[in-house]
Structure formats: C-alpha cells, structure tokens
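Heads up, the thing below is written out as structure tokens.
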Amino acid sequence: MNIIFARHGQTEWNTLNKVCGRTDLPLTETGMQQARELAEKLRDKKIDLIISSPMIRAVQTSRIVSEICKAPVQTDSRLIEQNYGIYEGVDRQNPGFLANKRNFAFRYPGGESMMQVAARVYPLLDELKEKYPGKNLLLICHGGVCRVLSSYFHDMTNDEYFSYSMKNAGFEKYSLS
C-alpha cells in the first residue's frame, strides 16, 4: 500500500502567521490554486481514495484534488487538526506557544497534547494498512497532523519533531506493508 499525506492549501490565518487548530477556516484564492497544483503533481499517482479531515480547508483541498485525480473522498475525524487551546489564533512565534510546542506530552491549556494526536492518528494508519492493501491512498489534513504522520515513518529527535513543518499543499509519500 502506498500512502501520501498532504497539507491543505493556504488559509487567511496562514498568511497572518496565526496558530490555527480547530478554527474552521476556508481556503484563500491562493489556497485553491495550491490545491490545483497539488492535484496536478498527484495526477499520475493513481489515487484510489482520498481521506480528508472534515475541516473545511481540508475538504476544499480534497474536492479540488478529487476533481483532477478522479478519486472518491471520505472524511475521518481522526485527521482533524490538533486542538491548540488557549494558543488558538495567536502569532506562531508566541513564546508560550513555542514553549508548549517543545513539550510533546503536555496538553496545550484547554487543548490536547501532541501525544494525544498521535494516539488517534497512528491507529488510523494501522487500520488503513489492513483495510486497503495494495491501494494508493491520499490523506489530506493539517500541519500538526502531518508532523505526527511523518513521525510514524521516521524516528525523529525532539528538535527534529519541533522543527518539522510542511508547507501548504505540500506532500510526502510512503509505502506501508
């Protein structure tokens, strides 16, 4: 089985460098263009199924990719972005946010920890591996979830995990057996 995971296209808060977890924002015009460009890059990958976060920015990205790649879309709430609690909407360089981001087992006040995100995302990958052997799947989700997905496939130091970032409409491809 091949699995590709991609981050949604740009939102307004991405342009403003704000922390965006559970705030359900749509794509900007640039974000829609990024989704079309992502679809063109994936056109030849023969995607069998797109599994999307149910958040609007991921669903919009998924629909655009689906139109071009001719793959059905389903949503899975396990791909929803991390709940950043009190840091939702703050500048991404906020010292409290950055300090909390280095503590993987610590919950963002009013939110969830990165370990809690991994506890819902890792089992999803295990389930998909069993359910879709030999298929090509595309997961469309969020930056924080992409960080967790990447850590499923790579051993990462704490600094590597902290520094990991996927650009809007970026993607990574892996094989699961």
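Residue numbering restarts at 1 in every chain; chains get A, B, ... in the order shown in the structure tokens, and ligands count up from 1 in that same order.
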
Problem set entry | strand (DSSP E or B) residues, from DSSP on the backbone, in stretch 13-162 of chain A, as a list in words | Lys18, Leu27, Leu49, Ile50, Ile51, Ser52, Val73, Gln74, Thr75, Asp91, Asn136, Leu137, Leu138, Leu139, Ile140 and Cys141 of chain A

Please dump the current selection as a PDB file, in the first residue's frame; keep N, CA and C atoms.
```
ATOM      1  N   LYS A  18      -0.780  32.936  12.072  1.00  0.00           N
ATOM      2  CA  LYS A  18      -1.504  32.641  13.300  1.00  0.00           C
ATOM      3  C   LYS A  18      -1.619  31.132  13.497  1.00  0.00           C
ATOM      4  N   LEU A  27     -10.255  28.006   2.441  1.00  0.00           N
ATOM      5  CA  LEU A  27      -9.059  28.340   1.665  1.00  0.00           C
ATOM      6  C   LEU A  27      -9.171  29.753   1.103  1.00  0.00           C
ATOM      7  N   LEU A  49      -8.252   6.427  -3.259  1.00  0.00           N
ATOM      8  CA  LEU A  49      -9.157   7.009  -2.286  1.00  0.00           C
ATOM      9  C   LEU A  49      -8.474   8.192  -1.609  1.00  0.00           C
ATOM     10  N   ILE A  50      -9.231   9.261  -1.411  1.00  0.00           N
ATOM     11  CA  ILE A  50      -8.766  10.407  -0.644  1.00  0.00           C
ATOM     12  C   ILE A  50      -9.506  10.378   0.687  1.00  0.00           C
ATOM     13  N   ILE A  51      -8.754  10.448   1.773  1.00  0.00           N
ATOM     14  CA  ILE A  51      -9.341  10.516   3.110  1.00  0.00           C
ATOM     15  C   ILE A  51      -8.952  11.872   3.677  1.00  0.00           C
ATOM     16  N   SER A  52      -9.961  12.644   4.031  1.00  0.00           N
ATOM     17  CA  SER A  52      -9.757  14.032   4.417  1.00  0.00           C
ATOM     18  C   SER A  52     -10.187  14.285   5.854  1.00  0.00           C
ATOM     19  N   VAL A  73     -13.755  10.794  -2.234  1.00  0.00           N
ATOM     20  CA  VAL A  73     -13.323  11.409  -0.979  1.00  0.00           C
ATOM     21  C   VAL A  73     -14.207  10.916   0.158  1.00  0.00           C
ATOM     22  N   GLN A  74     -13.572  10.575   1.262  1.00  0.00           N
ATOM     23  CA  GLN A  74     -14.315  10.337   2.502  1.00  0.00           C
ATOM     24  C   GLN A  74     -13.602  11.111   3.602  1.00  0.00           C
ATOM     25  N   THR A  75     -14.310  11.421   4.666  1.00  0.00           N
ATOM     26  CA  THR A  75     -13.693  12.149   5.770  1.00  0.00           C
ATOM     27  C   THR A  75     -13.481  11.227   6.956  1.00  0.00           C
ATOM     28  N   ASP A  91      -0.048  34.557  17.422  1.00  0.00           N
ATOM     29  CA  ASP A  91       1.081  34.519  16.492  1.00  0.00           C
ATOM     30  C   ASP A  91       1.874  33.245  16.717  1.00  0.00           C
ATOM     31  N   ASN A 136      -3.559   2.900  -3.310  1.00  0.00           N
ATOM     32  CA  ASN A 136      -2.873   4.189  -3.192  1.00  0.00           C
ATOM     33  C   ASN A 136      -3.826   5.164  -2.523  1.00  0.00           C
ATOM     34  N   LEU A 137      -3.495   5.561  -1.300  1.00  0.00           N
ATOM     35  CA  LEU A 137      -4.348   6.448  -0.522  1.00  0.00           C
ATOM     36  C   LEU A 137      -3.707   7.818  -0.361  1.00  0.00           C
ATOM     37  N   LEU A 138      -4.551   8.839  -0.352  1.00  0.00           N
ATOM     38  CA  LEU A 138      -4.116  10.204  -0.102  1.00  0.00           C
ATOM     39  C   LEU A 138      -4.858  10.710   1.125  1.00  0.00           C
ATOM     40  N   LEU A 139      -4.119  11.123   2.142  1.00  0.00           N
ATOM     41  CA  LEU A 139      -4.695  11.729   3.330  1.00  0.00           C
ATOM     42  C   LEU A 139      -4.480  13.229   3.233  1.00  0.00           C
ATOM     43  N   ILE A 140      -5.547  14.007   3.348  1.00  0.00           N
ATOM     44  CA  ILE A 140      -5.415  15.462   3.312  1.00  0.00           C
ATOM     45  C   ILE A 140      -5.802  15.989   4.686  1.00  0.00           C
ATOM     46  N   CYS A 141      -4.821  16.656   5.299  1.00  0.00           N
ATOM     47  CA  CYS A 141      -5.017  17.062   6.688  1.00  0.00           C
ATOM     48  C   CYS A 141      -4.319  18.387   6.964  1.00  0.00           C
TER      49      CYS A 141
END
```

Problem set entry | Residue neighbourhood A:His8, 12 Å, only C-alpha atoms, exclusion window fewer than 5 positions, as a VMD selection string | chain A and resid 14 25 to 28 30 to 39 52 to 65 79 to 81 138 to 146 166 to 171

Exercise. For A:Met1, which residue out of A:Ile47, A:Leu149, A:Val19, A:Ala71 is the nearest one, using only C-alpha atoms?
Worked result: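 Of all the options, A:Ile47 lies closest to A:Met1.
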
For this session: Could you pull out the residues in stretch 16-158 of chain A that DSSP calls helix (DSSP H, G or I) from the backbone, as a ChimeraX atom specification?
Result: /A:29-45,56-69,77-79,85-87,95-101,114-131,143-153,158

Exercise. Looking at only C-alpha atoms, which of A:Ser163, A:Ser150, A:Ser77, A:Ser113 is the one that sits closest to A:Ile4?
Worked result: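 Residue with the minimum atom-to-atom distance to A:Ile4: A:Ser150.
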
Problem set entry | Residue neighbourhood A:Arg92, 12 Å, only C-alpha atoms, exclusion window fewer than 5 positions, as a PyMOL selection string | chain A and resi 13-21+84+87+97-101

Problem set entry | Distance criterion (only C-alpha atoms): nearest to A:Lys46 out of A:Pro95, A:Lys135, A:Val117, A:Asp159 |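 Smallest distance to A:Lys46 is found for A:Lys135.
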
For this session: Please provide the set of residues having any atom within 8 Å of stretch 122-125 of chain A, restricted to only C-alpha atoms, with same-chain residues fewer than 2 positions apart removed, written as an NGL selection string.
Result: :A and (78 or 118-120 or 127-129 or 149 or 152)

For this session: To one decimal in Å, tell me the separation between atom CA of A:Arg102 and atom CA of A:Met114.
Result: 9.7 Å

Problem set entry | Best match for closeness to A:Ile86 among A:Cys69, A:Asn103, A:Glu112, A:Asp155, counting only C-alpha atoms |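 Closest residue, counting only C-alpha atoms: A:Glu112.
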